[in-house]
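Printed here is entry-v7.txt (compact mmCIF, C-alpha atoms):
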# COMPACT_ATOMS: atom_id res chain seq x y z
CA PHE A 1 -24.84 -55.83 36.87
CA TYR A 2 -26.32 -58.64 34.86
CA GLN A 3 -29.98 -59.52 35.00
CA GLY A 4 -30.76 -63.19 34.47
CA MET A 5 -27.11 -64.05 35.07
CA SER A 6 -27.80 -67.69 35.84
CA LYS A 7 -29.25 -68.11 32.34
CA GLY A 8 -26.07 -66.75 30.80
CA LYS A 9 -27.95 -63.94 29.01
CA PRO A 10 -26.59 -60.73 30.55
CA THR A 11 -28.18 -57.30 30.21
CA LEU A 12 -26.93 -54.07 31.70
CA GLY A 13 -28.81 -52.58 34.66
CA LYS A 14 -30.20 -49.03 34.31
CA GLU A 15 -27.71 -47.46 36.74
CA VAL A 16 -24.75 -48.99 34.97
CA LYS A 17 -26.06 -47.91 31.55
CA GLU A 18 -25.86 -44.31 32.75
CA GLU A 19 -22.26 -44.88 33.86
CA VAL A 20 -21.46 -46.42 30.49
CA LYS A 21 -22.59 -43.24 28.73
CA LEU A 22 -20.14 -41.22 30.83
CA GLU A 23 -17.29 -43.58 29.96
CA SER A 24 -18.36 -44.50 26.42
CA SER A 25 -15.04 -43.51 24.89
CA LEU A 26 -13.26 -46.00 27.16
CA LEU A 27 -15.98 -48.67 27.06
CA ALA A 28 -15.50 -48.94 30.80
CA CYS A 29 -17.48 -48.52 34.01
CA PRO A 30 -16.52 -47.44 37.50
CA ARG A 31 -15.69 -50.51 39.57
CA ILE A 32 -17.83 -49.30 42.47
CA ALA A 33 -20.94 -49.13 40.27
CA LEU A 34 -20.42 -52.67 39.04
CA LYS A 35 -19.87 -53.96 42.55
CA GLU A 36 -23.05 -52.28 43.83
CA GLU A 37 -25.08 -53.98 41.11
CA LEU A 38 -23.53 -57.38 41.78
CA MET A 39 -24.02 -57.02 45.54
CA LEU A 40 -27.78 -57.18 44.94
CA CYS A 41 -27.52 -60.88 44.17
CA LYS A 42 -24.35 -61.79 46.05
CA ASP A 43 -26.09 -63.99 48.63
CA GLU A 44 -27.44 -66.22 45.88
CA TRP A 45 -24.16 -67.13 44.24
CA ILE A 46 -21.07 -65.29 45.57
CA ASN A 47 -19.95 -63.68 48.81
CA GLU A 48 -18.50 -60.18 49.07
CA GLU A 49 -14.94 -61.33 49.72
CA THR A 50 -14.89 -63.47 46.57
CA LEU A 51 -16.52 -60.67 44.59
CA ASP A 52 -13.76 -58.27 45.67
CA ASP A 53 -11.11 -60.82 44.71
CA VAL A 54 -12.66 -61.28 41.25
CA LEU A 55 -12.92 -57.51 40.72
CA ASN A 56 -9.26 -57.15 41.73
CA VAL A 57 -8.34 -59.53 38.93
CA VAL A 58 -10.53 -57.81 36.33
CA ASP A 59 -9.50 -54.28 37.40
CA SER A 60 -5.95 -54.86 36.16
CA SER A 61 -5.17 -51.16 35.67
CA LYS A 62 -6.11 -50.43 39.31
CA ASN A 63 -7.60 -47.09 38.27
CA GLY A 64 -11.15 -47.86 39.41
CA LEU A 65 -12.42 -48.40 35.85
CA ILE A 66 -13.18 -51.83 34.45
CA LYS A 67 -13.40 -52.47 30.71
CA LEU A 68 -16.84 -53.78 29.87
CA GLU A 69 -15.52 -56.40 27.48
CA SER A 70 -13.22 -57.79 30.16
CA TYR A 71 -16.07 -57.74 32.64
CA LYS A 72 -18.40 -59.57 30.28
CA ASP A 73 -15.73 -62.22 29.71
CA ALA A 74 -15.25 -62.59 33.46
CA ILE A 75 -18.98 -62.94 33.99
CA ARG A 76 -19.15 -65.66 31.33
CA ALA A 77 -16.39 -67.51 33.14
CA MET A 78 -18.19 -67.05 36.47
CA CYS A 79 -21.46 -68.31 34.98
CA SER A 80 -19.70 -71.42 33.70
CA PHE A 81 -18.26 -71.97 37.17
CA MET A 82 -21.65 -71.60 38.85
CA ALA A 83 -23.40 -73.87 36.35
CA THR A 84 -20.81 -76.56 37.03
CA ASP A 85 -20.92 -76.20 40.82
CA LEU A 86 -24.02 -78.38 41.15
CA ASN A 87 -23.80 -78.91 44.92
CA GLY A 88 -23.41 -75.18 45.57
CA ASP A 89 -20.30 -75.44 47.76
CA HIS A 90 -18.53 -72.73 45.69
CA LEU A 91 -15.76 -75.20 44.84
CA ILE A 92 -15.00 -77.20 41.72
CA GLN A 93 -14.04 -80.79 42.46
CA PRO A 94 -11.78 -82.74 40.04
CA THR A 95 -14.86 -84.58 38.72
CA GLU A 96 -16.61 -81.26 38.08
CA LEU A 97 -13.57 -79.69 36.38
CA ARG A 98 -14.08 -81.88 33.33
CA THR A 99 -17.59 -80.44 32.98
CA LEU A 100 -16.36 -76.87 33.54
CA LEU A 101 -13.80 -77.15 30.74
CA TRP A 102 -16.33 -78.87 28.49
CA LEU A 103 -18.94 -76.18 29.14
CA THR A 104 -16.48 -73.33 28.59
CA GLU A 105 -14.83 -74.65 25.43
CA GLY A 106 -17.55 -76.80 23.87
CA LEU A 107 -15.31 -79.86 23.51
CA GLU A 108 -14.93 -82.81 25.87
CA PRO A 109 -11.45 -82.72 27.47
CA THR A 110 -9.33 -85.81 27.92
CA TYR A 111 -8.47 -87.15 31.39
CA ARG A 112 -4.85 -86.05 30.91
CA ARG A 113 -6.04 -82.57 30.00
CA VAL A 114 -8.25 -82.31 33.10
CA MET A 115 -5.42 -83.37 35.40
CA SER A 116 -2.99 -80.98 33.73
CA GLU A 117 -5.39 -78.03 34.02
CA LYS A 118 -6.23 -78.90 37.63
CA LYS A 119 -2.55 -78.67 38.53
CA ALA A 120 -2.29 -75.28 36.80
CA MET A 121 -5.44 -73.89 38.46
CA ASP A 122 -5.11 -75.21 42.01
CA ILE A 123 -2.93 -72.42 43.40
CA ASP A 124 -3.15 -73.54 47.04
CA SER A 125 -2.92 -77.26 46.17
CA ASP A 126 -5.96 -78.19 48.27
CA GLY A 127 -7.45 -80.43 45.58
CA THR A 128 -10.33 -78.11 44.66
CA ILE A 129 -10.75 -75.02 42.47
CA THR A 130 -12.26 -71.78 43.79
CA MET A 131 -13.90 -69.18 41.57
CA VAL A 132 -10.93 -66.86 42.06
CA GLU A 133 -8.49 -69.61 41.04
CA TRP A 134 -10.58 -70.22 37.92
CA ILE A 135 -10.58 -66.51 36.99
CA LYS A 136 -6.84 -66.17 37.65
CA TYR A 137 -6.20 -69.19 35.47
CA LEU A 138 -7.77 -67.30 32.55
CA VAL A 139 -5.82 -64.08 33.17
CA THR A 140 -3.18 -63.00 30.64
CA THR A 141 -0.10 -60.80 31.07
CA ASP A 142 0.36 -57.74 28.86
CA PRO A 143 3.50 -58.28 26.74
CA VAL A 144 4.66 -54.67 27.09
CA SER A 145 3.79 -53.61 30.63
CA GLY A 146 3.72 -57.01 32.31
CA THR A 147 0.34 -56.12 33.83
CA PRO A 148 -2.14 -59.01 34.23
CA TYR A 149 -5.45 -58.53 32.46
CA PHE A 150 -8.52 -60.57 31.59
CA ASP A 151 -8.67 -61.43 27.89
CA PHE A 152 -10.95 -64.33 27.07
CA SER A 153 -10.24 -63.85 23.35
CA LEU A 154 -6.70 -65.14 23.87
CA LYS A 155 -8.06 -68.31 25.51
CA ARG A 156 -10.41 -68.76 22.56
CA LYS A 157 -7.45 -68.40 20.19
CA PHE A 158 -5.54 -71.02 22.17
CA ASP A 159 -8.51 -73.41 22.02
CA LEU A 160 -8.91 -72.78 18.28
CA TYR A 161 -5.37 -73.88 17.47
CA ASP A 162 -5.41 -76.71 20.00
CA ALA A 163 -6.82 -78.84 17.20
CA ASP A 164 -6.72 -82.14 19.08
CA ASN A 165 -8.17 -80.63 22.28
CA SER A 166 -5.19 -81.86 24.26
CA GLY A 167 -4.94 -78.68 26.32
CA SER A 168 -1.59 -77.84 24.74
CA ILE A 169 -0.21 -76.32 21.56
CA SER A 170 2.34 -78.33 19.62
CA LYS A 171 5.08 -77.01 17.33
CA ASP A 172 2.90 -77.77 14.29
CA GLU A 173 -0.06 -75.93 15.83
CA ILE A 174 2.14 -72.90 16.57
CA PHE A 175 3.29 -73.02 12.95
CA ASN A 176 -0.37 -73.00 11.85
CA MET A 177 -1.00 -69.98 14.06
CA LEU A 178 1.96 -68.10 12.56
CA ASN A 179 1.05 -69.20 9.03
CA ASP A 180 -2.51 -67.87 9.43
CA THR A 181 -1.13 -64.62 10.86
CA PHE A 182 1.04 -64.03 7.79
CA ALA A 183 -1.17 -65.61 5.12
CA GLU A 184 -2.30 -62.28 3.66
CA CYS A 185 1.21 -60.82 3.67
CA MET A 186 2.69 -63.91 1.98
CA ALA A 187 0.09 -63.82 -0.79
CA ASP A 188 2.04 -61.02 -2.50
CA LEU A 189 5.34 -62.95 -2.44
CA GLY A 190 6.62 -65.13 -5.23
CA GLU A 191 6.46 -68.91 -4.91
CA SER A 192 10.13 -69.38 -4.03
CA MET A 193 9.97 -66.63 -1.41
CA GLN A 194 6.83 -68.17 0.08
CA ILE A 195 8.65 -71.49 0.49
CA THR A 196 11.61 -69.71 2.11
CA PHE A 197 9.34 -67.75 4.43
CA LYS A 198 7.45 -70.87 5.51
CA GLY A 199 10.81 -72.32 6.47
CA LEU A 200 11.35 -69.25 8.66
CA LEU A 201 7.94 -69.81 10.25
CA GLU A 202 8.92 -73.38 11.08
CA ASP A 203 12.14 -72.12 12.69
CA ALA A 204 10.15 -69.54 14.65
CA ALA A 205 7.73 -72.22 15.89
CA ASN A 206 10.69 -74.35 17.02
CA ASN A 207 12.28 -71.40 18.82
CA ILE A 208 9.03 -70.46 20.55
CA ILE A 209 8.72 -74.01 21.92
CA LYS A 210 12.33 -74.01 23.11
CA GLU A 211 12.03 -70.62 24.81
CA LEU A 212 8.68 -71.14 26.53
CA ASP A 213 8.35 -74.86 27.24
CA GLU A 214 8.97 -74.89 31.00
CA ASP A 215 8.43 -78.58 31.69
CA GLY A 216 10.26 -80.11 28.72
CA SER A 217 7.07 -81.58 27.20
CA GLU A 218 7.82 -79.99 23.79
CA VAL A 219 4.35 -78.41 23.76
CA LEU A 220 2.92 -75.23 25.30
CA GLU A 221 0.13 -75.64 27.82
CA TRP A 222 -2.17 -72.69 28.50
CA ASN A 223 -0.14 -71.38 31.46
CA GLU A 224 2.97 -71.36 29.25
CA PHE A 225 1.17 -70.03 26.19
CA LYS A 226 -0.38 -67.03 27.95
CA LYS A 227 3.11 -65.93 29.04
CA SER A 228 4.31 -66.04 25.46
CA MET A 229 2.76 -62.89 24.04
CA GLN A 230 5.95 -60.84 24.31
CA THR A 231 7.91 -63.59 22.54
CA PHE A 232 5.21 -63.86 19.85
CA ALA A 233 5.28 -60.08 19.39
CA LYS A 234 9.06 -60.06 18.89
CA LYS A 235 8.92 -62.98 16.45
CA THR A 236 6.10 -61.50 14.39
CA ASP A 237 7.78 -58.08 14.24
CA SER A 238 10.98 -59.72 13.00
CA LEU A 239 9.09 -61.76 10.39
CA LYS A 240 7.13 -58.71 9.22
CA GLU A 241 10.42 -56.89 8.67
CA ILE A 242 11.68 -59.79 6.52
CA ILE A 243 8.49 -59.72 4.41
CA ASN A 244 8.71 -55.95 3.94
CA LYS A 245 12.33 -56.19 2.83
CA ALA A 246 11.45 -58.98 0.40
CA LYS A 247 8.64 -56.93 -1.09
CA SER A 248 10.87 -53.85 -1.39
CA SER A 249 13.59 -55.81 -3.20
CA ALA A 250 11.00 -57.30 -5.54
CA TYR A 251 10.04 -53.84 -6.70
Whole structure, structure tokens version:
Amino acid sequence: FYQGMSKGKPTLGKEVKEEVKLESSLLACPRIALKEELMLCKDEWINEETLDDVLNVVDSSKNGLIKLESYKDAIRAMCSFMATDLNGDHLIQPTELRTLLWLTEGLEPTYRRVMSEKKAMDIDSDGTITMVEWIKYLVTTDPVSGTPYFDFSLKRKFDLYDADNSGSISKDEIFNMLNDTFAECMADLGESMQITFKGLLEDAANNIIKELDEDGSEVLEWNEFKKSMQTFAKKTDSLKEIINKAKSSAY
């Protein structure tokens, strides 16, 4: 599927480009076409069983079509994994995990962060991380349907608001996320209403922590954060309703 994959500069193969034209409205390709392209280089970097496992994760709808954006994100994650796996054993050791996170996010993680992420990723608790475990770690759950899907943009958003690169989002960082979300809407409110609404955002940030913090750390780690989209959706809908009512009463 990608030519020059090891260099991290993907380009679509000719066969897949034809498939893309057929599915242009969906921006998706048939899974079988993608697998056939990847099978051409499987011996160099991935075996067929692992490839099938990765495609199962990316093909969240199970309809045989894979969204190209999701696939590109998965390939980026796979390339990061392969670049980190220097000894070629198809496993990420704890010492390599630090490099994998650093390469993926662009910031050096702390030791505590590496150990925390290792625990979250290592599904079978064997002390190493497989490519499938790495991909599953990045998977998100749809807030409406509950279906898992690959959305690297959500991980980027998490990393953006994880200002101290601790691998977790604090109450203040959640407040910043909510504040940025509503910044444009609040611009039309009066000063006193803005102060009141920011108080509501602080309450919402507190409630989100209380509802989703599974280990009592008073912060949300990635595995907790990615489960929070339904809660975030409910909170933002409620806050939007408050803003709309305030604007209506003002007029």
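You can rank A:Leu239, A:Leu220, A:Leu103, A:Met229 by their closest distance to A:Gly199 using all atoms listed in the file, and at the top of that list sits A:Leu239.
Distances from A:Thr95, A:Leu101, A:Ile169, A:Pro30 to A:Lys67 were compared using only C-alpha atoms, and the smallest one belongs to A:Pro30.
Relative to atom CA of A:Ala83, atom CA of A:Ala33 is found at 25.2 Å.
One distance worth recording is that between atom CA of A:Asp237 and atom CA of A:Glu211, which is 16.9 Å.
Nearest-residue note for A:Leu201: choosing from A:Asn165, A:Leu178, A:Gly216, A:Asp188, the minimum distance belongs to A:Leu178, counting all atoms listed in the file.
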Residues within 10 Å of A:Lys240, only C-alpha atoms, excluding chain neighbours under 6 positions, as a list of chain:residue names: A:Phe182, A:Cys185, A:Met186, A:Lys234, A:Ala246
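With all atoms listed in the file as the basis for measurement, A:Asp89 is the residue among A:Asp164, A:Asp159, A:Glu241, A:Asp89 that approaches A:Ile129 most closely.
Taking atom CA of A:Glu69 and atom CA of A:Asp85 as the two end points, the separation is 24.5 Å.
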